[in-house]
Amino acid sequence: MRVLLIEDNRHLSRALRQGLEEEGFAVDAAEDGDEADHKARATNYDAIVLDLMLPKKDGLTLLKSWRGAGMKTHVLVLTARGTLEDKIKGLDTGADDYLTKPFELEELLARLRALVRRGHHIKDPLLRVHDLTIDTAARTVKRAGKAIHLTPKEYALLEFLAFHAGKVVTRSMIWEHLWDEHDESVSNVVDVYIRYLRNKIDKDFSPPLILTRWGEGYMLRGEDDAEDGKS
Amino acid sequence: MKSIRRTLLITVLSVLVITLGVVSVVVYRLSVSSLREKEQAAKDLVEQRYNDLQDEELRNRADILARDVQQNFQWEKWGLRWQLAEIAAFSSPTTPLTPVPLLISVPTSVGTLGSGLSSRFATEITLAEDETYHNTDYEFVQMTADWGASWKSRSLGNSVLPLDLSRFRREADSKPHWDFVTLSDGTTVRRVVVKAPVTRYGRPTGTPPWFGRGRRDESPHPSRAVTGVAAAARTPSSRVPAPPPMWGMGEVVLPNFYLQCAWDVSPNNPLLRDKIAERDRQLEEIESETERSIHNLRATLGWTVVGAIGITLLGGWLLVGLGLVPLKRLSYAVSQISAKDFRLPLNPKSLPAEVNPVAERLSQALAQLQSAFEREKRAAADISHELRTPLAALTTTIEVACRKPRTAEQYKQTLDECRAIAGQMSLLVERMLVLAWIDAGVDQVRPEPVEVGDLVGGVAAIVKPLAEVQGLTFKVNVPGRITVRTDPDKLREVVMNLTHNAIEYNRPGGEVELSAAARAQGGVVLEVRDTGVGMPEEIHEKIFERFFRGDPSRQATGVHAGLGLAIVKEYVDRLGGRLTVDSVVGKGSRFRIELPNAM
């Protein structure tokens with residue numbers, strides 16, 4: 001999942017980025033209001049973490065303009081302004097969640113996960129596809145009862161496919177949501193990770209869940225899909 | 001507690017009472033005096049009437065006596081009763097049977113014979129006292145004949161009623177005369193003098209009777225029958241006309257009697273007793289009526305005053321209450337001001353002109369208060385924010401580091417990060433504490449002689465490397481030794497902050513210059529100049545506000561958090577100096593401090 005982190009304090013920005021990336025998020029960062037506005041409109045993020053006290057453009061102003069423009073990206077406001085009035089104001093301006101500093105990192109991660117689920121209209125943190133179980137909270141995967149160990153990137157890819165289970169996701173979509181701005185676009189990095197994933201998820205199990213749609217992309221087999229793999 | 005209403009009412013009532021008091025006293029006095037005058041006039045009238053009545057009675061009495069005298073006067077058979085100055089021929093007017101007395105005229109000019117005859121024929125006159133109705137004790141009668149002979153009543157005793165005969169003789173008319181006479185025993189009597197010509201024995205010789213009989217009645221002159229007293233009574237302006245010339249004779253002097261009748265005017269006089277009683281009764285009536293009037297007047301005034309006071313009290317109470325209603329409304333509205341909403345729930349326009357300004361000022365003051373509170377709240381929020389972010393950075397850094405096993409190198413990096421953040425926070429905390437101390441008034445200025453060159457040099461030593469790291473040139477310009485008496489720590493802080501700003505707001509390849517110069521009037525001028533981004537005119541004042549972040553393009557490190565310049569301003573103020581800013585956008589800025597020698 002790709003997240004835009006908007007925070008002007010460098011230390012905090014750096015620490016958060018590390019924390020999020022270690023959780024498998026692809027993180028883009030912005031330090032002031034203009035940069036944030038530019039990036040938010042340019043990319044379809046899964047979530048935006050927004051600080052309110054920003055140079056150049058105030059966070060609430062940004063949020064208001066985004067919502068006015070019809071942007072549906074989930075926004076979590078992370079700010080030192082913690083009074084009741086501030087919270088109400090933030091939520092009423094269009095934030096999906098509001099967290100005050102100082103905060104617990106775990107809480108921030110959990111809330112982001114919740115926002116991502118919401119984005120895909122998934123209520124159950126436990127994703128089940130055939131005999132594959134993905135615990136999005138614990139970030140663990142089991143197939144046929146057997147725990148499978150995945151690297152963060154592999155997990156993120158699987159989770160992404162699972163969120164779109166039954167639907168085709170293109171390579172560019174995968175790229176957009178799992179790699180951040182700093183990563184160089186290597187043409188087949190997605191294919192490489194799909195291969196890794198298949199190795200761990202499908203190799204010893206049946207039916208194959210990760211399907212290829214030539215010319216389009218990949219798909220995780222949905223519940224009512226036929227056993228047909230490659231088309 | 002003072003009450004407007006009470007004070008007003010008391011004042012008004014006092015004024016009213018005093019005014020009413022004065023007015024009613026004056027009115028009372030005037031009324032009473034005019035009432036008394038009226039009383040006096042009435043009394044006088046009564047007295048006058050009584051006196052007139054009395055005199056009238058007296059005169060009537062005298063008239064009666066005079067008539068008696070006139071009618072009953074007779075000769076004593078043995079001698080002439082009076083002396084004539086001339087012979088006059090008489091004829092009896094009344095009846096042809098009355099003998100015509102022949103009289104001898106003895107001219108007084110005849111010498112001894114005349115006087116011998118006169119003395120021999122000296123007459124006396126008497127009035128038959130007992131025959132006439134006469135109150136002996138209170139009535140005094142005296143009769144005086146023309147030639148001086150007189151008779152007086154017994155009641156007179158030794159006293160004599162003085163009579164100025166010559167004056168009476170001279171007078172042409174026979175009007176009665178009244179006056180008061182004091183008798184020898186001290187009694188005061190009212191006397192009337194009546195002239196009673198005895199016409200029976202004298203007759204004006206005018207037209208012979210047998211000629212004039214018919215004409216007598218038409219004559220303008222009063223007839224004999226009506227001469228004398230009667231004539232006087234009938235014609236008020238009676239002047240007894242000059243007697244017509246004697247028929248063929250010449251002038252005749254008529255004998256006159258002067259009848260004096262006097263009454264003792266004390267109330268014991270039975271003749272007057274009734275009248276006196278009547279008079280006194282009337283006087284009493286007048287007096288009592290006057291008293292009644294005065295009493296009524298007093299009562300009226302009294303009730304009027306009381307009524308006026310009562311009405312004023314009541315009306316005043318209500319009116320003042322009414323007038324004070326706007327104040328009540330205002331105070332109620334003030335009580336409705338809540339701590340949340342600094343509004344006065346009242347439209348100032350709905351209040352009268354006197355109270356309106358109060359409400360308006362109050363609203364203004366409340367608005368100012370509200371904005372001050374807002375500023376306070378914002379400042380508090382800013383402070384909390386400024387501290388919370390580094391704190392969050394610290395905690396997040398540590399949390400992230402602890403989430404999974406790290407290498408020693410990674411831990412060291414984490415710790416370095418933490419140190420940096422802590423340093424940032426501590427600087428912020430320091431600055432906030434400084435401001436807090438300044439606000440609390442705890443901060444003290446300790447002046448001492450400071451060598452500016454040394455101080456600047458010390459700052460430069462710290463700051464220069466920072467500048468050069470940023471690629472800036474750092475210049476120091478302090479000619480010679482300049483000593484100023486001031487607080488060195490504060491001055492150092494000021495120079496440090498300004499220089500930090502100069503570095504931070506600068507452009508790559510720019511320069512920072514720190515200079516100082518002595519002032520002619522003592523003290524020092526310090527300047528920090530940079531070739532940075534500059535500031536627009538409108539924020540030249542605002543940059544010294546707390547937490548104000550002037551330049552948005554500045555990288556927000558949170559180090560200064562907008563407090564540096566606030567501290568600079570506070571310190572310069574407390575050192576007694578002056579701080580000015582020159583800045584052109586795109587060119588650079590110059591901060592100039594003038595410091596005097598502190599006392």
# chains A, B, ... in the order shown; residues from 1 in each chain; ligands from 1
>>> interface_residues(of="chain A", to="chain B", cutoff="10 Å", atoms="only C-alpha atoms", output="mmCIF file with all heavy atoms, in the first residue's frame")
data_model
loop_
_atom_site.group_PDB
_atom_site.id
_atom_site.type_symbol
_atom_site.label_atom_id
_atom_site.label_comp_id
_atom_site.auth_asym_id
_atom_site.auth_seq_id
_atom_site.Cartn_x
_atom_site.Cartn_y
_atom_site.Cartn_z
ATOM 1 N N GLU A 7 4.674 15.745 6.528
ATOM 2 C CA GLU A 7 5.131 16.179 7.852
ATOM 3 C C GLU A 7 6.353 17.060 7.669
ATOM 4 O O GLU A 7 7.271 16.707 6.924
ATOM 5 C CB GLU A 7 5.482 14.947 8.692
ATOM 6 C CG GLU A 7 6.207 15.246 9.995
ATOM 7 C CD GLU A 7 5.389 16.069 10.972
ATOM 8 O OE1 GLU A 7 4.253 15.652 11.301
ATOM 9 O OE2 GLU A 7 5.865 17.133 11.418
ATOM 10 N N ASP A 8 6.376 18.223 8.365
ATOM 11 C CA ASP A 8 7.482 19.149 8.123
ATOM 12 C C ASP A 8 8.662 18.923 9.056
ATOM 13 O O ASP A 8 9.755 19.423 8.805
ATOM 14 C CB ASP A 8 7.000 20.610 8.209
ATOM 15 C CG ASP A 8 6.523 20.964 9.599
ATOM 16 O OD1 ASP A 8 6.053 20.060 10.318
ATOM 17 O OD2 ASP A 8 6.595 22.153 9.963
ATOM 18 N N ASN A 9 8.456 18.173 10.134
ATOM 19 C CA ASN A 9 9.569 17.886 11.030
ATOM 20 C C ASN A 9 10.375 16.726 10.470
ATOM 21 O O ASN A 9 9.884 15.602 10.334
ATOM 22 C CB ASN A 9 9.030 17.548 12.418
ATOM 23 C CG ASN A 9 10.133 17.327 13.429
ATOM 24 O OD1 ASN A 9 11.069 16.550 13.206
ATOM 25 N ND2 ASN A 9 10.046 18.023 14.545
ATOM 26 N N ARG A 10 11.609 17.005 10.170
ATOM 27 C CA ARG A 10 12.422 15.996 9.458
ATOM 28 C C ARG A 10 12.661 14.743 10.273
ATOM 29 O O ARG A 10 12.634 13.643 9.745
ATOM 30 C CB ARG A 10 13.766 16.611 9.076
ATOM 31 C CG ARG A 10 13.657 17.395 7.844
ATOM 32 C CD ARG A 10 14.985 17.470 7.128
ATOM 33 N NE ARG A 10 14.835 18.388 5.998
ATOM 34 C CZ ARG A 10 15.716 19.289 5.638
ATOM 35 N NH1 ARG A 10 16.819 19.428 6.317
ATOM 36 N NH2 ARG A 10 15.483 20.039 4.583
ATOM 37 N N HIS A 11 12.903 14.934 11.515
ATOM 38 C CA HIS A 11 13.194 13.761 12.346
ATOM 39 C C HIS A 11 12.000 12.826 12.384
ATOM 40 O O HIS A 11 12.131 11.608 12.221
ATOM 41 C CB HIS A 11 13.536 14.187 13.776
ATOM 42 C CG HIS A 11 14.782 14.979 13.859
ATOM 43 N ND1 HIS A 11 16.029 14.400 13.730
ATOM 44 C CD2 HIS A 11 14.982 16.296 14.059
ATOM 45 C CE1 HIS A 11 16.947 15.349 13.852
ATOM 46 N NE2 HIS A 11 16.349 16.509 14.054
ATOM 47 N N LEU A 12 10.851 13.448 12.603
ATOM 48 C CA LEU A 12 9.643 12.628 12.683
ATOM 49 C C LEU A 12 9.356 11.977 11.338
ATOM 50 O O LEU A 12 8.990 10.797 11.263
ATOM 51 C CB LEU A 12 8.469 13.501 13.134
ATOM 52 C CG LEU A 12 7.149 12.759 13.296
ATOM 53 C CD1 LEU A 12 7.294 11.625 14.289
ATOM 54 C CD2 LEU A 12 6.047 13.710 13.748
ATOM 55 N N SER A 13 9.541 12.734 10.300
ATOM 56 C CA SER A 13 9.283 12.223 8.963
ATOM 57 C C SER A 13 10.177 11.001 8.689
ATOM 58 O O SER A 13 9.726 9.975 8.187
ATOM 59 C CB SER A 13 9.543 13.333 7.940
ATOM 60 O OG SER A 13 9.230 12.889 6.658
ATOM 61 N N ARG A 14 11.400 11.154 9.050
ATOM 62 C CA ARG A 14 12.343 10.062 8.819
ATOM 63 C C ARG A 14 11.962 8.820 9.615
ATOM 64 O O ARG A 14 11.940 7.713 9.098
ATOM 65 C CB ARG A 14 13.751 10.544 9.200
ATOM 66 C CG ARG A 14 14.881 9.783 8.560
ATOM 67 C CD ARG A 14 16.123 9.926 9.412
ATOM 68 N NE ARG A 14 15.887 9.531 10.782
ATOM 69 C CZ ARG A 14 15.801 8.262 11.185
ATOM 70 N NH1 ARG A 14 15.956 7.274 10.341
ATOM 71 N NH2 ARG A 14 15.550 7.994 12.456
ATOM 72 N N ALA A 15 11.641 9.028 10.895
ATOM 73 C CA ALA A 15 11.313 7.884 11.750
ATOM 74 C C ALA A 15 10.043 7.206 11.256
ATOM 75 O O ALA A 15 9.962 5.966 11.172
ATOM 76 C CB ALA A 15 11.132 8.358 13.198
ATOM 77 N N LEU A 16 9.072 8.010 10.878
ATOM 78 C CA LEU A 16 7.813 7.437 10.419
ATOM 79 C C LEU A 16 8.009 6.662 9.114
ATOM 80 O O LEU A 16 7.441 5.582 8.920
ATOM 81 C CB LEU A 16 6.788 8.557 10.204
ATOM 82 C CG LEU A 16 5.850 8.850 11.370
ATOM 83 C CD1 LEU A 16 4.903 9.984 11.047
ATOM 84 C CD2 LEU A 16 5.079 7.615 11.780
ATOM 85 N N ARG A 17 8.768 7.256 8.264
ATOM 86 C CA ARG A 17 9.006 6.566 6.987
ATOM 87 C C ARG A 17 9.586 5.185 7.233
ATOM 88 O O ARG A 17 9.120 4.178 6.680
ATOM 89 C CB ARG A 17 9.950 7.386 6.115
ATOM 90 C CG ARG A 17 10.255 6.690 4.815
ATOM 91 C CD ARG A 17 11.526 7.291 4.205
ATOM 92 N NE ARG A 17 11.227 8.524 3.504
ATOM 93 C CZ ARG A 17 10.831 8.561 2.237
ATOM 94 N NH1 ARG A 17 10.654 7.438 1.561
ATOM 95 N NH2 ARG A 17 10.575 9.714 1.681
ATOM 96 N N GLN A 18 10.567 5.140 8.106
ATOM 97 C CA GLN A 18 11.195 3.847 8.393
ATOM 98 C C GLN A 18 10.162 2.880 8.960
ATOM 99 O O GLN A 18 10.083 1.718 8.536
ATOM 100 C CB GLN A 18 12.343 4.020 9.371
ATOM 101 C CG GLN A 18 13.087 2.743 9.631
ATOM 102 C CD GLN A 18 14.290 2.947 10.536
ATOM 103 O OE1 GLN A 18 14.715 4.056 10.811
ATOM 104 N NE2 GLN A 18 14.858 1.847 10.997
ATOM 105 N N GLY A 19 9.400 3.373 9.900
ATOM 106 C CA GLY A 19 8.403 2.509 10.525
ATOM 107 C C GLY A 19 7.403 1.981 9.514
ATOM 108 O O GLY A 19 7.059 0.797 9.501
ATOM 109 N N LEU A 20 6.939 2.865 8.643
ATOM 110 C CA LEU A 20 5.934 2.455 7.663
ATOM 111 C C LEU A 20 6.523 1.488 6.638
ATOM 112 O O LEU A 20 5.893 0.493 6.254
ATOM 113 C CB LEU A 20 5.384 3.699 6.957
ATOM 114 C CG LEU A 20 4.439 4.569 7.792
ATOM 115 C CD1 LEU A 20 4.168 5.906 7.115
ATOM 116 C CD2 LEU A 20 3.142 3.839 8.072
ATOM 117 N N GLU A 22 8.912 -0.484 7.022
ATOM 118 C CA GLU A 22 9.121 -1.796 7.624
ATOM 119 C C GLU A 22 7.825 -2.540 7.771
ATOM 120 O O GLU A 22 7.813 -3.761 7.920
ATOM 121 C CB GLU A 22 9.807 -1.636 8.983
ATOM 122 C CG GLU A 22 11.269 -1.275 8.827
ATOM 123 C CD GLU A 22 11.949 -1.071 10.173
ATOM 124 O OE1 GLU A 22 11.280 -1.300 11.230
ATOM 125 O OE2 GLU A 22 13.125 -0.702 10.186
ATOM 126 N N GLU A 31 7.160 17.841 2.523
ATOM 127 C CA GLU A 31 7.518 18.644 3.697
ATOM 128 C C GLU A 31 6.746 19.941 3.826
ATOM 129 O O GLU A 31 6.818 20.610 4.851
ATOM 130 C CB GLU A 31 9.007 18.962 3.659
ATOM 131 C CG GLU A 31 9.829 17.814 4.183
ATOM 132 C CD GLU A 31 11.286 18.221 4.321
ATOM 133 O OE1 GLU A 31 11.684 19.211 3.680
ATOM 134 O OE2 GLU A 31 12.000 17.546 5.069
ATOM 135 N N ASP A 32 6.108 20.335 2.751
ATOM 136 C CA ASP A 32 5.310 21.550 2.862
ATOM 137 C C ASP A 32 4.021 21.404 2.068
ATOM 138 O O ASP A 32 3.823 20.418 1.357
ATOM 139 C CB ASP A 32 6.102 22.773 2.372
ATOM 140 C CG ASP A 32 6.534 22.620 0.922
ATOM 141 O OD1 ASP A 32 5.623 22.571 0.046
ATOM 142 O OD2 ASP A 32 7.738 22.532 0.677
ATOM 143 N N GLY A 33 3.179 22.359 2.195
ATOM 144 C CA GLY A 33 1.838 22.279 1.635
ATOM 145 C C GLY A 33 1.818 22.169 0.124
ATOM 146 O O GLY A 33 1.059 21.394 -0.456
ATOM 147 N N ASP A 51 -0.064 16.180 8.375
ATOM 148 C CA ASP A 51 0.152 17.077 9.518
ATOM 149 C C ASP A 51 -0.508 18.416 9.182
ATOM 150 O O ASP A 51 -0.510 18.844 8.027
ATOM 151 C CB ASP A 51 1.663 17.273 9.756
ATOM 152 C CG ASP A 51 1.949 18.205 10.923
ATOM 153 O OD1 ASP A 51 1.099 18.284 11.842
ATOM 154 O OD2 ASP A 51 2.992 18.880 10.911
ATOM 155 N N MET A 53 0.097 21.626 10.723
ATOM 156 C CA MET A 53 0.900 22.848 10.763
ATOM 157 C C MET A 53 2.009 22.728 9.740
ATOM 158 O O MET A 53 3.082 22.213 10.030
ATOM 159 C CB MET A 53 1.514 23.040 12.158
ATOM 160 C CG MET A 53 0.540 22.820 13.271
ATOM 161 S SD MET A 53 -0.271 24.334 13.758
ATOM 162 C CE MET A 53 0.989 25.079 14.729
ATOM 163 N N LEU A 54 1.717 23.155 8.529
ATOM 164 C CA LEU A 54 2.679 23.036 7.452
ATOM 165 C C LEU A 54 3.078 24.397 6.946
ATOM 166 O O LEU A 54 2.261 25.324 6.955
ATOM 167 C CB LEU A 54 2.059 22.262 6.283
ATOM 168 C CG LEU A 54 1.747 20.783 6.504
ATOM 169 C CD1 LEU A 54 0.994 20.249 5.302
ATOM 170 C CD2 LEU A 54 3.035 20.007 6.721
ATOM 171 N N PRO A 55 4.305 24.533 6.491
ATOM 172 C CA PRO A 55 4.660 25.773 5.807
ATOM 173 C C PRO A 55 3.990 25.837 4.432
ATOM 174 O O PRO A 55 3.589 24.818 3.884
ATOM 175 C CB PRO A 55 6.189 25.694 5.665
ATOM 176 C CG PRO A 55 6.576 24.325 6.022
ATOM 177 C CD PRO A 55 5.422 23.623 6.647
ATOM 178 N N LYS A 56 3.882 26.985 3.938
ATOM 179 C CA LYS A 56 3.314 27.296 2.635
ATOM 180 C C LYS A 56 1.815 27.099 2.590
ATOM 181 O O LYS A 56 1.079 28.001 2.229
ATOM 182 C CB LYS A 56 3.967 26.463 1.528
ATOM 183 C CG LYS A 56 5.400 26.901 1.274
ATOM 184 C CD LYS A 56 5.914 26.429 -0.049
ATOM 185 C CE LYS A 56 7.373 26.859 -0.198
ATOM 186 N NZ LYS A 56 8.161 25.961 -1.021
ATOM 187 N N LYS A 57 1.335 25.908 2.875
ATOM 188 C CA LYS A 57 -0.119 25.737 2.851
ATOM 189 C C LYS A 57 -0.526 24.946 4.079
ATOM 190 O O LYS A 57 0.046 23.901 4.370
ATOM 191 C CB LYS A 57 -0.534 24.977 1.587
ATOM 192 C CG LYS A 57 -1.317 25.830 0.620
ATOM 193 C CD LYS A 57 -1.978 25.006 -0.451
ATOM 194 C CE LYS A 57 -2.210 25.849 -1.692
ATOM 195 N NZ LYS A 57 -2.191 25.085 -2.911
ATOM 196 N N LEU A 78 -2.520 13.686 11.360
ATOM 197 C CA LEU A 78 -1.600 13.410 12.466
ATOM 198 C C LEU A 78 -1.028 14.752 12.915
ATOM 199 O O LEU A 78 -0.250 15.367 12.202
ATOM 200 C CB LEU A 78 -0.482 12.494 11.960
ATOM 201 C CG LEU A 78 0.555 12.061 12.994
ATOM 202 C CD1 LEU A 78 -0.074 11.175 14.046
ATOM 203 C CD2 LEU A 78 1.690 11.314 12.302
ATOM 204 N N THR A 79 -1.447 15.221 14.074
ATOM 205 C CA THR A 79 -1.094 16.591 14.436
ATOM 206 C C THR A 79 -0.954 16.760 15.939
ATOM 207 O O THR A 79 -1.467 15.964 16.727
ATOM 208 C CB THR A 79 -2.166 17.558 13.915
ATOM 209 O OG1 THR A 79 -1.810 18.889 14.300
ATOM 210 C CG2 THR A 79 -3.512 17.239 14.504
ATOM 211 N N ALA A 80 -0.253 17.826 16.323
ATOM 212 C CA ALA A 80 -0.128 18.140 17.748
ATOM 213 C C ALA A 80 -1.378 18.846 18.269
ATOM 214 O O ALA A 80 -1.609 18.913 19.467
ATOM 215 C CB ALA A 80 1.083 19.029 17.981
ATOM 216 N N ARG A 81 -2.178 19.364 17.343
ATOM 217 C CA ARG A 81 -3.398 20.059 17.780
ATOM 218 C C ARG A 81 -4.412 19.036 18.240
ATOM 219 O O ARG A 81 -5.039 18.360 17.432
ATOM 220 C CB ARG A 81 -3.990 20.853 16.615
ATOM 221 C CG ARG A 81 -3.163 22.052 16.263
ATOM 222 C CD ARG A 81 -4.064 23.155 15.756
ATOM 223 N NE ARG A 81 -3.428 23.877 14.678
ATOM 224 C CZ ARG A 81 -4.020 24.272 13.569
ATOM 225 N NH1 ARG A 81 -5.284 23.988 13.376
ATOM 226 N NH2 ARG A 81 -3.346 24.919 12.653
ATOM 227 N N GLY A 82 -4.562 18.939 19.551
ATOM 228 C CA GLY A 82 -5.363 17.842 20.072
ATOM 229 C C GLY A 82 -6.637 18.205 20.796
ATOM 230 O O GLY A 82 -7.282 17.363 21.371
ATOM 231 N N THR A 83 -7.023 19.485 20.775
ATOM 232 C CA THR A 83 -8.245 19.817 21.510
ATOM 233 C C THR A 83 -9.454 19.231 20.804
ATOM 234 O O THR A 83 -9.397 18.863 19.631
ATOM 235 C CB THR A 83 -8.431 21.326 21.615
ATOM 236 O OG1 THR A 83 -8.611 21.842 20.298
ATOM 237 C CG2 THR A 83 -7.223 21.974 22.245
ATOM 238 N N THR A 100 -3.474 12.330 17.406
ATOM 239 C CA THR A 100 -2.707 13.448 17.941
ATOM 240 C C THR A 100 -1.312 13.015 18.370
ATOM 241 O O THR A 100 -1.089 11.874 18.789
ATOM 242 C CB THR A 100 -3.412 14.075 19.164
ATOM 243 O OG1 THR A 100 -3.616 13.048 20.129
ATOM 244 C CG2 THR A 100 -4.734 14.675 18.769
ATOM 245 N N LYS A 101 -0.381 13.961 18.247
ATOM 246 C CA LYS A 101 0.975 13.706 18.709
ATOM 247 C C LYS A 101 1.073 14.059 20.189
ATOM 248 O O LYS A 101 0.428 15.029 20.621
ATOM 249 C CB LYS A 101 1.958 14.602 17.954
ATOM 250 C CG LYS A 101 2.012 14.392 16.493
ATOM 251 C CD LYS A 101 2.944 15.467 15.907
ATOM 252 C CE LYS A 101 2.830 15.517 14.404
ATOM 253 N NZ LYS A 101 3.511 16.681 13.859
ATOM 254 N N PRO A 102 1.887 13.372 20.936
ATOM 255 C CA PRO A 102 2.627 12.169 20.556
ATOM 256 C C PRO A 102 1.737 10.937 20.478
ATOM 257 O O PRO A 102 0.723 10.882 21.158
ATOM 258 C CB PRO A 102 3.671 12.032 21.665
ATOM 259 C CG PRO A 102 3.098 12.737 22.831
ATOM 260 C CD PRO A 102 2.171 13.782 22.311
ATOM 261 N N PHE A 103 2.110 10.019 19.671
ATOM 262 C CA PHE A 103 1.250 8.874 19.426
ATOM 263 C C PHE A 103 2.051 7.590 19.527
ATOM 264 O O PHE A 103 3.275 7.588 19.511
ATOM 265 C CB PHE A 103 0.654 8.992 18.027
ATOM 266 C CG PHE A 103 1.704 9.094 16.956
ATOM 267 C CD1 PHE A 103 2.201 7.970 16.333
ATOM 268 C CD2 PHE A 103 2.203 10.340 16.594
ATOM 269 C CE1 PHE A 103 3.186 8.061 15.362
ATOM 270 C CE2 PHE A 103 3.184 10.439 15.627
ATOM 271 C CZ PHE A 103 3.687 9.294 14.993
ATOM 272 N N GLU A 104 1.347 6.540 19.605
ATOM 273 C CA GLU A 104 1.977 5.224 19.573
ATOM 274 C C GLU A 104 2.068 4.782 18.123
ATOM 275 O O GLU A 104 1.068 4.840 17.391
ATOM 276 C CB GLU A 104 1.137 4.214 20.348
ATOM 277 C CG GLU A 104 1.086 4.463 21.841
ATOM 278 C CD GLU A 104 2.395 4.102 22.524
ATOM 279 O OE1 GLU A 104 3.064 3.153 22.039
ATOM 280 O OE2 GLU A 104 2.755 4.755 23.505
ATOM 281 N N LEU A 105 3.174 4.339 17.733
ATOM 282 C CA LEU A 105 3.379 3.915 16.343
ATOM 283 C C LEU A 105 2.422 2.795 15.976
ATOM 284 O O LEU A 105 1.832 2.792 14.885
ATOM 285 C CB LEU A 105 4.830 3.456 16.146
ATOM 286 C CG LEU A 105 5.185 3.032 14.718
ATOM 287 C CD1 LEU A 105 4.988 4.206 13.768
ATOM 288 C CD2 LEU A 105 6.615 2.508 14.657
ATOM 289 N N GLU A 106 2.231 1.862 16.877
ATOM 290 C CA GLU A 106 1.353 0.733 16.581
ATOM 291 C C GLU A 106 -0.055 1.198 16.264
ATOM 292 O O GLU A 106 -0.718 0.641 15.392
ATOM 293 C CB GLU A 106 1.323 -0.247 17.773
ATOM 294 C CG GLU A 106 2.656 -0.906 18.059
ATOM 295 C CD GLU A 106 3.165 -1.729 16.896
ATOM 296 O OE1 GLU A 106 2.325 -2.267 16.131
ATOM 297 O OE2 GLU A 106 4.389 -1.837 16.726
#
>>> select_by_dssp(residues="segment 490-537 of chain B", states="helix (DSSP H, G or I)", output="number ranges by chain")
B: 490-504, 537
>>> write_last_selection(atoms="N, CA, C and O atoms", output="CSV table (one decimal), in the first residue's frame")
chain,number,residue,atom,x,y,z
B,490,LYS,N,22.4,38.7,28.1
B,490,LYS,CA,21.2,39.0,27.2
B,490,LYS,C,21.7,39.5,25.9
B,490,LYS,O,21.2,39.2,24.8
B,491,LEU,N,22.7,40.3,25.9
B,491,LEU,CA,23.3,40.9,24.7
B,491,LEU,C,23.8,39.8,23.8
B,491,LEU,O,23.6,39.8,22.6
B,492,ARG,N,24.4,38.8,24.4
B,492,ARG,CA,25.0,37.7,23.7
B,492,ARG,C,23.8,36.9,23.0
B,492,ARG,O,23.9,36.6,21.9
B,493,GLU,N,22.8,36.7,23.8
B,493,GLU,CA,21.7,36.0,23.3
B,493,GLU,C,21.1,36.7,22.1
B,493,GLU,O,20.7,36.0,21.1
B,494,VAL,N,21.0,38.0,22.2
B,494,VAL,CA,20.4,38.8,21.1
B,494,VAL,C,21.3,38.6,19.8
B,494,VAL,O,20.8,38.3,18.8
B,495,VAL,N,22.5,38.8,20.0
B,495,VAL,CA,23.4,38.8,18.8
B,495,VAL,C,23.4,37.4,18.2
B,495,VAL,O,23.4,37.2,17.0
B,496,MET,N,23.4,36.4,19.1
B,496,MET,CA,23.4,35.0,18.7
B,496,MET,C,22.1,34.7,17.8
B,496,MET,O,22.2,34.2,16.7
B,497,ASN,N,21.0,35.1,18.4
B,497,ASN,CA,19.7,34.8,17.6
B,497,ASN,C,19.7,35.5,16.3
B,497,ASN,O,19.3,34.9,15.3
B,498,LEU,N,20.1,36.7,16.3
B,498,LEU,CA,20.1,37.5,15.0
B,498,LEU,C,21.0,36.9,14.0
B,498,LEU,O,20.7,36.7,12.8
B,499,THR,N,22.2,36.5,14.5
B,499,THR,CA,23.1,35.9,13.5
B,499,THR,C,22.6,34.5,13.0
B,499,THR,O,22.7,34.2,11.8
B,500,HIS,N,22.0,33.7,13.9
B,500,HIS,CA,21.4,32.5,13.4
B,500,HIS,C,20.4,32.7,12.4
B,500,HIS,O,20.3,32.0,11.4
B,501,ASN,N,19.5,33.7,12.6
B,501,ASN,CA,18.5,34.0,11.6
B,501,ASN,C,19.2,34.4,10.3
B,501,ASN,O,18.8,34.0,9.2
B,502,ALA,N,20.2,35.3,10.4
B,502,ALA,CA,20.9,35.8,9.2
B,502,ALA,C,21.4,34.6,8.4
B,502,ALA,O,21.4,34.6,7.2
B,503,ILE,N,21.9,33.6,9.1
B,503,ILE,CA,22.4,32.4,8.4
B,503,ILE,C,21.3,31.7,7.8
B,503,ILE,O,21.3,31.3,6.6
B,504,GLU,N,20.3,31.5,8.5
B,504,GLU,CA,19.2,30.6,8.1
B,504,GLU,C,18.4,31.2,6.9
B,504,GLU,O,17.9,30.5,6.0
B,537,GLU,N,7.4,44.4,3.6
B,537,GLU,CA,7.1,45.5,4.6
B,537,GLU,C,6.1,45.1,5.6
B,537,GLU,O,6.3,45.5,6.8
>>> select_by_dssp(residues="segment 40-96 of chain A", states="strand (DSSP E)", output="short mmCIF file (atom, residue, chain, number, x, y, z; two decimals) with C-alpha atoms, in the first residue's frame")
data_model
loop_
_atom_site.label_atom_id
_atom_site.label_comp_id
_atom_site.auth_asym_id
_atom_site.auth_seq_id
_atom_site.Cartn_x
_atom_site.Cartn_y
_atom_site.Cartn_z
CA ALA A 47 -3.77 6.65 2.45
CA ILE A 48 -2.40 10.05 3.28
CA VAL A 49 -0.92 10.96 6.63
CA LEU A 50 -1.38 14.69 6.97
CA VAL A 75 -6.70 10.95 4.94
CA LEU A 76 -5.45 10.42 8.46
CA VAL A 77 -4.64 13.69 10.22
CA LEU A 78 -1.60 13.41 12.47
CA THR A 79 -1.09 16.59 14.44
#
